[in-house]
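Participant: One structure coming up, written as structure tokens, with questions to follow.
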Amino acid sequence: MTDVTLTNVRKAFGDVVAVKDISLTVPDGEFVVVVGPSGCGKSTTLRLIAGLESVTEGDIRMGGESVVGIDGADRDVAMVFQNYALYPHMTARRNITFGMRSSGSFTDAEVASRVEEAAEVLDIADLLDRKPAALSGGERQRVALGRAIVRDPKVFLMDEPLSNLDAKLRIRMRAELAKLHARLGTTTVYVTHDQTEAMTLGDRVVVMYDGEIQQTAPPQRLYDYPANRFVAEFIGDPAMNVFPVEVRRDGGAYRAGRGALQVALPADDSLTSLAGREALLGVRPENLHVEPRRGPETVEATVTVTEPLGDSLLIECAVGDVALKVHASPRSGIEPGDTVFLSADAARLHLFDPETGEARYHSDPEAPVTGMAAATSSASGE
Ligand SMILES: Nc1ncnc2c1ncn2[C@@H]1O[C@H](COP(=O)(O)OP(=O)(O)OP(=O)(O)O)[C@@H](O)[C@H]1O
Ligand SMILES: [Mg+2]
């Protein structure tokens, strides 16, 4: 059992506090992805677990035992870096076996059989006698992974291992990493700044910002129930639209809006405490719709930018001083300058506190979409 637990971990480099107060438990066998913008403390967190940095405060445990003060080399972790860190003068095979040989705790036969096994898992058996200069980026990456695998460590630590690869190869290697984890089941902490990578790879995702954990949750939960505005805007591409509104009670119904931008909220009693208050309304681009004509619940908007994505046309439009991104149908012919009528899915809305950004309300993500889009299309079908 090698669970990894961080308790109130803090790391300062002089005046710079890279990690403020992090607590996280990674159960044995879990694949956890730490994601966040540049400089938020991801690599530092990983290096603290690896023993490449020492904690300023707090405790790190592996398999229940504190590793604070224990040298990285004695923690039985294997780290894979963004730049692979291969020795250029050694063949792939030597690069893979170097750590095993120098540790002195493996026989030649063991070394050979582990390399063979790792090479098969990673599909690099034919490349073992080449030096790094004669390997492509993706192949070097596999060799670096091979070096980590042969050590059969208790924990894998990976710091943006795919970020030097081109987009296609990155997606392929992502799938291979997922397979590798399914096969080996080794506890893994994986760092990336790419939210798609985080969502597709992680059993759970840790969102960091400014040295602090903002939320730790399985991918779909992050998407459906972002704990605050930062997570809401960071997870999902293109980002969730967030703009200031006033929440009002309107008979039995609730509404949120400002000026001409008015959106119906679900008839949900938990909104009572928010009525009459300022909030930030969050709605994802896929939950706004371009309607064929003006309707009782549509909002008039002016298109400012269009981006064809192939499977959809992403449009940016303005309602007063609010800019909204909306997925429109790919062959709708919408152009900048056009006027469009937008509706929102009432069952897919989020409200955040205007001061703290903390989430105050989420529509039930399981609820059927019964908002204006549905109402408008049934009306037009009459
Ligand atoms: N050795 C160091 N000395 C001083 N400051 C450091 C050191 N290492 C990291 N920092 C600072 O700590 C903060 C967090 O750095 P870290 O490398 O953990 O960020 P990151 O989330 O990995 O960013 P990126 O996505 O760019 O790799 C940054 O402000 C960085 O400048
Ligand atoms: Mg980093």
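By order of appearance in the structure tokens: chains A, B, ..., then residues from 1 within every chain, and ligands from 1 in the order shown.
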Within 12 Å of A:Phe243, counting only C-alpha atoms, which residues show up once you throw out same-chain ones fewer than 2 positions away? Write them as an MDAnalysis selection string, please.
Facilitator: chainID A and resid 229 233 240:241 245:246 256:258 261:263 278:284 318:325 349:354 357
Participant: Could you give me, as an MDAnalysis selection string, the residues within 9 Å of stretch 183-196 of chain A, counting only C-alpha atoms and dropping anything in the same chain fewer than 4 positions from it?
Facilitator: chainID A and resid 2:4 26:38 42:43 46 149 152:163 178:179 200:202 234:237
Participant: Just to be explicit: take each residue in the selection above, keep N, CA and C atoms, and write the result as a tab-separated table (two decimals), in the first residue's frame.
Facilitator:
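What follows is the written file selection_37.tsv:
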chain	number	residue	atom	x	y	z
A	2	THR	N	0.81	2.03	-1.04
A	2	THR	CA	1.56	3.28	-1.03
A	2	THR	C	0.64	4.44	-1.32
A	3	ASP	N	-0.08	4.85	-0.30
A	3	ASP	CA	-0.82	6.09	-0.43
A	3	ASP	C	0.15	7.22	-0.12
A	4	VAL	N	-0.13	8.38	-0.68
A	4	VAL	CA	0.72	9.56	-0.45
A	4	VAL	C	-0.15	10.62	0.21
A	26	VAL	N	-3.58	10.93	-1.65
A	26	VAL	CA	-3.66	10.13	-2.87
A	26	VAL	C	-3.69	8.67	-2.44
A	27	PRO	N	-4.84	7.99	-2.56
A	27	PRO	CA	-4.90	6.59	-2.13
A	27	PRO	C	-4.03	5.71	-3.02
A	28	ASP	N	-3.67	4.55	-2.49
A	28	ASP	CA	-2.85	3.58	-3.21
A	28	ASP	C	-3.46	3.29	-4.59
A	29	GLY	N	-2.66	3.40	-5.64
A	29	GLY	CA	-3.10	3.03	-6.98
A	29	GLY	C	-3.83	4.12	-7.74
A	30	GLU	N	-4.07	5.25	-7.11
A	30	GLU	CA	-4.81	6.31	-7.80
A	30	GLU	C	-3.91	7.10	-8.74
A	31	PHE	N	-4.51	7.62	-9.80
A	31	PHE	CA	-3.83	8.53	-10.73
A	31	PHE	C	-4.41	9.92	-10.48
A	32	VAL	N	-3.59	10.77	-9.85
A	32	VAL	CA	-4.06	12.12	-9.53
A	32	VAL	C	-3.33	13.12	-10.42
A	33	VAL	N	-4.07	14.03	-11.00
A	33	VAL	CA	-3.45	15.06	-11.84
A	33	VAL	C	-3.53	16.40	-11.13
A	34	VAL	N	-2.40	17.07	-11.02
A	34	VAL	CA	-2.36	18.42	-10.46
A	34	VAL	C	-2.29	19.39	-11.63
A	35	VAL	N	-3.26	20.28	-11.71
A	35	VAL	CA	-3.33	21.19	-12.86
A	35	VAL	C	-3.47	22.62	-12.35
A	36	GLY	N	-2.93	23.57	-13.12
A	36	GLY	CA	-3.05	24.97	-12.74
A	36	GLY	C	-2.16	25.79	-13.64
A	37	PRO	N	-2.31	27.11	-13.62
A	37	PRO	CA	-1.53	27.97	-14.51
A	37	PRO	C	-0.05	28.01	-14.11
A	38	SER	N	0.76	28.55	-14.99
A	38	SER	CA	2.20	28.65	-14.76
A	38	SER	C	2.49	29.38	-13.45
A	42	LYS	N	2.88	23.80	-8.96
A	42	LYS	CA	2.70	22.39	-9.29
A	42	LYS	C	4.01	21.62	-9.18
A	43	SER	N	5.05	22.12	-9.89
A	43	SER	CA	6.33	21.40	-9.89
A	43	SER	C	6.92	21.36	-8.50
A	46	LEU	N	5.38	18.58	-6.58
A	46	LEU	CA	5.90	17.29	-7.02
A	46	LEU	C	7.32	17.06	-6.51
A	149	ILE	N	9.68	2.97	-15.28
A	149	ILE	CA	8.96	1.70	-15.07
A	149	ILE	C	9.85	0.60	-14.52
A	152	ASP	N	10.22	-0.12	-10.97
A	152	ASP	CA	9.06	-0.60	-10.24
A	152	ASP	C	8.87	0.16	-8.93
A	153	PRO	N	8.76	1.48	-9.03
A	153	PRO	CA	8.73	2.29	-7.83
A	153	PRO	C	7.37	2.19	-7.13
A	154	LYS	N	7.32	2.70	-5.92
A	154	LYS	CA	6.04	2.73	-5.21
A	154	LYS	C	5.15	3.82	-5.77
A	155	VAL	N	5.79	4.90	-6.26
A	155	VAL	CA	5.02	6.05	-6.75
A	155	VAL	C	5.68	6.60	-8.02
A	156	PHE	N	4.86	6.91	-9.02
A	156	PHE	CA	5.33	7.65	-10.20
A	156	PHE	C	5.02	9.13	-10.01
A	157	LEU	N	6.00	9.98	-10.30
A	157	LEU	CA	5.79	11.42	-10.28
A	157	LEU	C	6.12	11.93	-11.67
A	158	MET	N	5.18	12.59	-12.31
A	158	MET	CA	5.41	13.03	-13.69
A	158	MET	C	5.14	14.52	-13.81
A	159	ASP	N	6.14	15.24	-14.32
A	159	ASP	CA	6.01	16.69	-14.44
A	159	ASP	C	5.91	17.09	-15.91
A	160	GLU	N	4.71	17.30	-16.39
A	160	GLU	CA	4.45	17.70	-17.78
A	160	GLU	C	5.19	16.81	-18.77
A	161	PRO	N	5.09	15.48	-18.65
A	161	PRO	CA	5.92	14.63	-19.50
A	161	PRO	C	5.56	14.70	-20.98
A	162	LEU	N	4.38	15.22	-21.32
A	162	LEU	CA	3.97	15.21	-22.72
A	162	LEU	C	4.07	16.58	-23.38
A	163	SER	N	4.51	17.59	-22.65
A	163	SER	CA	4.35	18.94	-23.19
A	163	SER	C	5.33	19.28	-24.31
A	178	ALA	N	-2.64	6.21	-19.88
A	178	ALA	CA	-3.83	5.70	-19.19
A	178	ALA	C	-3.80	4.17	-19.18
A	179	LYS	N	-3.41	3.58	-20.34
A	179	LYS	CA	-3.33	2.11	-20.42
A	179	LYS	C	-2.26	1.58	-19.49
A	200	THR	N	-8.81	14.12	-18.87
A	200	THR	CA	-8.85	12.81	-19.49
A	200	THR	C	-8.03	11.78	-18.72
A	201	LEU	N	-7.00	12.20	-18.00
A	201	LEU	CA	-6.11	11.23	-17.35
A	201	LEU	C	-6.44	10.96	-15.90
A	202	GLY	N	-6.97	11.97	-15.21
A	202	GLY	CA	-7.03	11.86	-13.75
A	202	GLY	C	-8.21	11.05	-13.23
A	234	PHE	N	-11.26	27.83	-15.32
A	234	PHE	CA	-10.06	27.09	-15.72
A	234	PHE	C	-10.42	25.77	-16.40
A	235	ILE	N	-11.45	25.10	-15.89
A	235	ILE	CA	-11.85	23.79	-16.43
A	235	ILE	C	-12.94	24.01	-17.48
A	236	GLY	N	-12.69	23.48	-18.68
A	236	GLY	CA	-13.64	23.68	-19.78
A	236	GLY	C	-13.03	24.61	-20.81
A	237	ASP	N	-13.18	24.25	-22.09
A	237	ASP	CA	-12.58	25.03	-23.16
A	237	ASP	C	-13.54	25.09	-24.33
Participant: Which neighbours of A:Arg294 fall inside 10 Å, counting only C-alpha atoms, when residues of the same chain fewer than 6 positions from it are skipped, and could you give them as a list in words?
Facilitator: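 Returned residues: Glu300, Val340, Phe341, Leu342, Ser343 and Thr376 of chain A.
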Participant: Neighbours of A:Asp166 within 9 Å (only C-alpha atoms; same-chain residues fewer than 5 positions away dropped), as a list in words?
Facilitator: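 Once the adjacent positions are removed, what remains is Gly137, Gly138 and Ile171 of chain A.
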Participant: Among the residues of stretch 133-191 of chain A, find those DSSP assigns to alpha helix (DSSP H) from the backbone and print them as JSON, numbers by chain.
Facilitator: {"A": [137, 138, 139, 140, 141, 142, 143, 144, 145, 146, 147, 148, 149, 150, 167, 168, 169, 170, 171, 172, 173, 174, 175, 176, 177, 178, 179, 180, 181, 182, 183, 184]}
Participant: Please produce a file of the residues just selected, as a PDB file, in the first residue's frame, where the atoms kept are C-alpha atoms.
Facilitator:
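Output saved as result-v5.pdb:
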ATOM      1  CA  GLY A 137      10.431  13.244 -29.234  1.00  0.00           C
ATOM      2  CA  GLY A 138       7.755  10.630 -28.637  1.00  0.00           C
ATOM      3  CA  GLU A 139      10.319   7.821 -28.639  1.00  0.00           C
ATOM      4  CA  ARG A 140      12.574   9.655 -26.185  1.00  0.00           C
ATOM      5  CA  GLN A 141       9.543  10.139 -24.028  1.00  0.00           C
ATOM      6  CA  ARG A 142       8.909   6.404 -23.985  1.00  0.00           C
ATOM      7  CA  VAL A 143      12.515   5.725 -23.058  1.00  0.00           C
ATOM      8  CA  ALA A 144      12.181   8.156 -20.155  1.00  0.00           C
ATOM      9  CA  LEU A 145       9.024   6.332 -19.090  1.00  0.00           C
ATOM     10  CA  GLY A 146      10.846   3.030 -19.476  1.00  0.00           C
ATOM     11  CA  ARG A 147      13.521   4.221 -17.087  1.00  0.00           C
ATOM     12  CA  ALA A 148      10.807   4.982 -14.529  1.00  0.00           C
ATOM     13  CA  ILE A 149       8.957   1.704 -15.068  1.00  0.00           C
ATOM     14  CA  VAL A 150      11.930  -0.668 -14.690  1.00  0.00           C
ATOM     15  CA  ALA A 167      -0.620  17.770 -30.445  1.00  0.00           C
ATOM     16  CA  LYS A 168      -1.342  14.437 -32.152  1.00  0.00           C
ATOM     17  CA  LEU A 169       1.412  12.547 -30.389  1.00  0.00           C
ATOM     18  CA  ARG A 170       0.395  14.084 -27.079  1.00  0.00           C
ATOM     19  CA  ILE A 171      -3.115  12.697 -27.459  1.00  0.00           C
ATOM     20  CA  ARG A 172      -1.746   9.271 -28.380  1.00  0.00           C
ATOM     21  CA  MET A 173       0.710   9.213 -25.476  1.00  0.00           C
ATOM     22  CA  ARG A 174      -2.074  10.331 -23.162  1.00  0.00           C
ATOM     23  CA  ALA A 175      -4.052   7.229 -24.066  1.00  0.00           C
ATOM     24  CA  GLU A 176      -0.921   5.092 -23.636  1.00  0.00           C
ATOM     25  CA  LEU A 177      -0.256   6.524 -20.201  1.00  0.00           C
ATOM     26  CA  ALA A 178      -3.829   5.702 -19.193  1.00  0.00           C
ATOM     27  CA  LYS A 179      -3.330   2.113 -20.423  1.00  0.00           C
ATOM     28  CA  LEU A 180      -0.003   1.870 -18.668  1.00  0.00           C
ATOM     29  CA  HIS A 181      -1.586   2.939 -15.411  1.00  0.00           C
ATOM     30  CA  ALA A 182      -4.442   0.476 -15.838  1.00  0.00           C
ATOM     31  CA  ARG A 183      -1.843  -2.255 -16.295  1.00  0.00           C
ATOM     32  CA  LEU A 184       0.640  -1.319 -13.560  1.00  0.00           C
TER      33      LEU A 184
END
Participant: Here is a test: counting only C-alpha atoms, which residue of A:Ser54, A:Arg47, A:Ala133, A:Pro368 is nearest to A:Val80?
Facilitator: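 Selected residue with least distance to A:Val80: A:Arg47.
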Participant: I'd like the contact shell of A:Asp71 - 9 Å cut-off, only C-alpha atoms, skipping same-chain residues fewer than 6 positions apart - returned as a PDB file with N, CA and C atoms, in the first residue's frame.
Facilitator:
ATOM      1  N   ALA A  50       8.931  14.133  -4.265  1.00  0.00           N
ATOM      2  CA  ALA A  50      10.091  13.376  -4.748  1.00  0.00           C
ATOM      3  C   ALA A  50      11.290  13.467  -3.805  1.00  0.00           C
ATOM      4  N   GLY A  51      11.267  14.487  -2.938  1.00  0.00           N
ATOM      5  CA  GLY A  51      12.425  14.682  -2.065  1.00  0.00           C
ATOM      6  C   GLY A  51      13.511  15.505  -2.730  1.00  0.00           C
ATOM      7  N   LEU A  52      13.177  16.182  -3.840  1.00  0.00           N
ATOM      8  CA  LEU A  52      14.146  17.070  -4.489  1.00  0.00           C
ATOM      9  C   LEU A  52      14.161  18.437  -3.816  1.00  0.00           C
TER      10      LEU A  52
END
Participant: One number please: atom CA of A:Cys40 to atom CA of A:Val207, in Å, one decimal.
Facilitator: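 Result for atom CA of A:Cys40 versus atom CA of A:Val207: 9.7 Å, one decimal.
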Participant: What's the 8 Å shell around A:Lys11, counting only C-alpha atoms, without same-chain residues fewer than 4 positions away, as an MDAnalysis selection string?
Facilitator: chainID A and resid 17:20 44 54:57
Participant: DSSP on the backbone: which residues in stretch 11-250 of chain A end up as strand (DSSP E)? Give the answer as a short mmCIF file (atom, residue, chain, number, x, y, z; two decimals) with N, CA and C atoms, in the first residue's frame.
Facilitator:
data_model
loop_
_atom_site.label_atom_id
_atom_site.label_comp_id
_atom_site.auth_asym_id
_atom_site.auth_seq_id
_atom_site.Cartn_x
_atom_site.Cartn_y
_atom_site.Cartn_z
N LYS A 11 5.95 25.54 1.31
CA LYS A 11 7.32 25.65 0.83
C LYS A 11 7.62 27.09 0.45
N ALA A 12 8.59 27.68 1.12
CA ALA A 12 9.02 29.04 0.80
C ALA A 12 10.45 28.99 0.27
N PHE A 13 10.70 29.77 -0.79
CA PHE A 13 12.06 30.02 -1.26
C PHE A 13 12.36 31.46 -0.88
N VAL A 16 9.61 34.10 -1.52
CA VAL A 16 8.60 33.53 -2.42
C VAL A 16 7.98 32.29 -1.78
N VAL A 17 6.68 32.37 -1.54
CA VAL A 17 5.98 31.19 -1.01
C VAL A 17 5.38 30.45 -2.20
N ALA A 18 6.01 29.35 -2.59
CA ALA A 18 5.60 28.62 -3.79
C ALA A 18 4.38 27.75 -3.50
N VAL A 19 4.33 27.18 -2.30
CA VAL A 19 3.22 26.32 -1.87
C VAL A 19 2.78 26.81 -0.50
N LYS A 20 1.49 27.16 -0.38
CA LYS A 20 1.07 27.87 0.83
C LYS A 20 0.64 26.95 1.97
N ASP A 21 -0.27 26.06 1.71
CA ASP A 21 -0.77 25.21 2.80
C ASP A 21 -1.59 24.11 2.16
N ILE A 22 -0.88 23.09 1.71
CA ILE A 22 -1.54 22.07 0.90
C ILE A 22 -1.77 20.80 1.68
N SER A 23 -3.00 20.29 1.63
CA SER A 23 -3.30 18.98 2.19
C SER A 23 -3.97 18.15 1.12
N LEU A 24 -3.47 16.92 0.95
CA LEU A 24 -3.95 16.08 -0.15
C LEU A 24 -3.66 14.63 0.19
N THR A 25 -4.65 13.76 -0.04
CA THR A 25 -4.41 12.33 0.13
C THR A 25 -4.61 11.64 -1.21
N VAL A 26 -3.58 10.93 -1.65
CA VAL A 26 -3.66 10.13 -2.87
C VAL A 26 -3.69 8.67 -2.44
N PHE A 31 -4.51 7.62 -9.80
CA PHE A 31 -3.83 8.53 -10.73
C PHE A 31 -4.41 9.92 -10.48
N VAL A 32 -3.59 10.77 -9.85
CA VAL A 32 -4.06 12.12 -9.53
C VAL A 32 -3.33 13.12 -10.42
N VAL A 33 -4.07 14.03 -11.00
CA VAL A 33 -3.45 15.06 -11.84
C VAL A 33 -3.53 16.40 -11.13
N VAL A 34 -2.40 17.07 -11.02
CA VAL A 34 -2.36 18.42 -10.46
C VAL A 34 -2.29 19.39 -11.63
N VAL A 35 -3.26 20.28 -11.71
CA VAL A 35 -3.33 21.19 -12.86
C VAL A 35 -3.47 22.62 -12.35
N GLU A 57 7.28 23.67 6.05
CA GLU A 57 6.40 23.24 7.15
C GLU A 57 5.54 22.11 6.64
N GLY A 58 5.00 21.32 7.56
CA GLY A 58 4.04 20.28 7.20
C GLY A 58 4.69 18.92 7.08
N ASP A 59 3.86 17.93 6.71
CA ASP A 59 4.31 16.54 6.69
C ASP A 59 3.93 15.89 5.36
N ILE A 60 4.80 15.01 4.88
CA ILE A 60 4.50 14.18 3.72
C ILE A 60 4.69 12.73 4.14
N ARG A 61 3.66 11.91 3.89
CA ARG A 61 3.75 10.49 4.25
C ARG A 61 3.55 9.61 3.03
N MET A 62 4.28 8.52 3.01
CA MET A 62 4.08 7.50 1.96
C MET A 62 3.86 6.18 2.66
N GLU A 65 4.20 6.26 6.45
CA GLU A 65 5.44 6.70 7.11
C GLU A 65 5.84 8.09 6.62
N SER A 66 6.23 8.94 7.56
CA SER A 66 6.68 10.26 7.16
C SER A 66 8.00 10.15 6.38
N VAL A 77 10.57 6.49 -5.30
CA VAL A 77 9.69 7.12 -6.28
C VAL A 77 10.46 7.27 -7.59
N ALA A 78 9.76 7.30 -8.71
CA ALA A 78 10.42 7.54 -10.00
C ALA A 78 9.80 8.77 -10.63
N MET A 79 10.65 9.69 -11.05
CA MET A 79 10.13 10.94 -11.60
C MET A 79 10.40 11.00 -13.11
N VAL A 80 9.41 11.46 -13.86
CA VAL A 80 9.57 11.68 -15.30
C VAL A 80 9.41 13.17 -15.55
N VAL A 155 5.79 4.90 -6.26
CA VAL A 155 5.02 6.05 -6.75
C VAL A 155 5.68 6.60 -8.02
N PHE A 156 4.86 6.91 -9.02
CA PHE A 156 5.33 7.65 -10.20
C PHE A 156 5.02 9.13 -10.01
N LEU A 157 6.00 9.98 -10.30
CA LEU A 157 5.79 11.42 -10.28
C LEU A 157 6.12 11.93 -11.67
N MET A 158 5.18 12.59 -12.31
CA MET A 158 5.41 13.03 -13.69
C MET A 158 5.14 14.52 -13.81
N ASP A 159 6.14 15.24 -14.32
CA ASP A 159 6.01 16.69 -14.44
C ASP A 159 5.91 17.09 -15.91
N THR A 187 0.54 4.06 -7.90
CA THR A 187 0.11 5.39 -7.45
C THR A 187 0.87 6.45 -8.26
N THR A 188 0.14 7.39 -8.84
CA THR A 188 0.78 8.37 -9.74
C THR A 188 0.31 9.79 -9.43
N VAL A 189 1.27 10.70 -9.34
CA VAL A 189 0.93 12.12 -9.27
C VAL A 189 1.50 12.76 -10.53
N TYR A 190 0.63 13.37 -11.31
CA TYR A 190 0.96 13.84 -12.65
C TYR A 190 0.66 15.33 -12.72
N VAL A 191 1.64 16.11 -13.13
CA VAL A 191 1.46 17.57 -13.18
C VAL A 191 1.31 18.04 -14.63
N THR A 192 0.37 18.91 -14.87
CA THR A 192 0.21 19.51 -16.19
C THR A 192 -0.44 20.88 -16.06
N ARG A 204 -8.74 11.59 -10.18
CA ARG A 204 -9.15 12.84 -9.55
C ARG A 204 -8.22 13.94 -10.03
N VAL A 205 -8.72 15.17 -10.02
CA VAL A 205 -7.95 16.31 -10.47
C VAL A 205 -7.83 17.31 -9.33
N VAL A 206 -6.61 17.79 -9.13
CA VAL A 206 -6.36 18.81 -8.11
C VAL A 206 -6.11 20.13 -8.86
N VAL A 207 -6.96 21.11 -8.65
CA VAL A 207 -6.75 22.40 -9.33
C VAL A 207 -6.02 23.33 -8.36
N MET A 208 -4.85 23.81 -8.81
CA MET A 208 -4.05 24.72 -7.97
C MET A 208 -4.04 26.12 -8.56
N TYR A 209 -3.95 27.09 -7.69
CA TYR A 209 -3.78 28.47 -8.13
C TYR A 209 -3.06 29.21 -7.01
N GLU A 212 -2.08 27.38 -3.78
CA GLU A 212 -3.13 26.75 -2.97
C GLU A 212 -3.98 25.82 -3.82
N ILE A 213 -4.51 24.77 -3.16
CA ILE A 213 -5.46 23.89 -3.85
C ILE A 213 -6.82 24.57 -3.84
N GLN A 214 -7.40 24.70 -5.04
CA GLN A 214 -8.72 25.31 -5.15
C GLN A 214 -9.83 24.27 -5.02
N GLN A 215 -9.58 23.08 -5.56
CA GLN A 215 -10.58 22.02 -5.49
C GLN A 215 -9.93 20.71 -5.89
N THR A 216 -10.33 19.63 -5.24
CA THR A 216 -9.88 18.28 -5.59
C THR A 216 -11.13 17.45 -5.83
N ALA A 217 -11.28 16.91 -7.02
CA ALA A 217 -12.51 16.17 -7.34
C ALA A 217 -12.32 15.34 -8.60
N ASN A 241 -18.55 31.42 -19.47
CA ASN A 241 -18.84 32.86 -19.41
C ASN A 241 -19.23 33.20 -17.98
N VAL A 242 -18.64 34.26 -17.43
CA VAL A 242 -18.98 34.67 -16.05
C VAL A 242 -19.18 36.19 -16.07
N PHE A 243 -20.32 36.64 -15.58
CA PHE A 243 -20.59 38.09 -15.58
C PHE A 243 -21.48 38.46 -14.40
N PRO A 244 -21.38 39.72 -13.96
CA PRO A 244 -22.14 40.13 -12.78
C PRO A 244 -23.63 40.28 -13.06
N VAL A 245 -24.43 39.85 -12.10
CA VAL A 245 -25.89 39.91 -12.23
C VAL A 245 -26.50 40.27 -10.88
N GLU A 246 -27.80 40.55 -10.93
CA GLU A 246 -28.58 40.60 -9.69
C GLU A 246 -29.58 39.45 -9.76
N VAL A 247 -29.71 38.73 -8.65
CA VAL A 247 -30.67 37.62 -8.60
C VAL A 247 -31.99 38.16 -8.08
N ARG A 248 -33.08 37.83 -8.76
CA ARG A 248 -34.38 38.34 -8.32
C ARG A 248 -35.39 37.22 -8.28
N ARG A 249 -36.37 37.41 -7.37
CA ARG A 249 -37.50 36.50 -7.36
C ARG A 249 -38.60 37.15 -8.17
N ASP A 250 -39.24 36.35 -9.02
CA ASP A 250 -40.18 36.90 -9.98
C ASP A 250 -41.40 35.98 -9.93
#
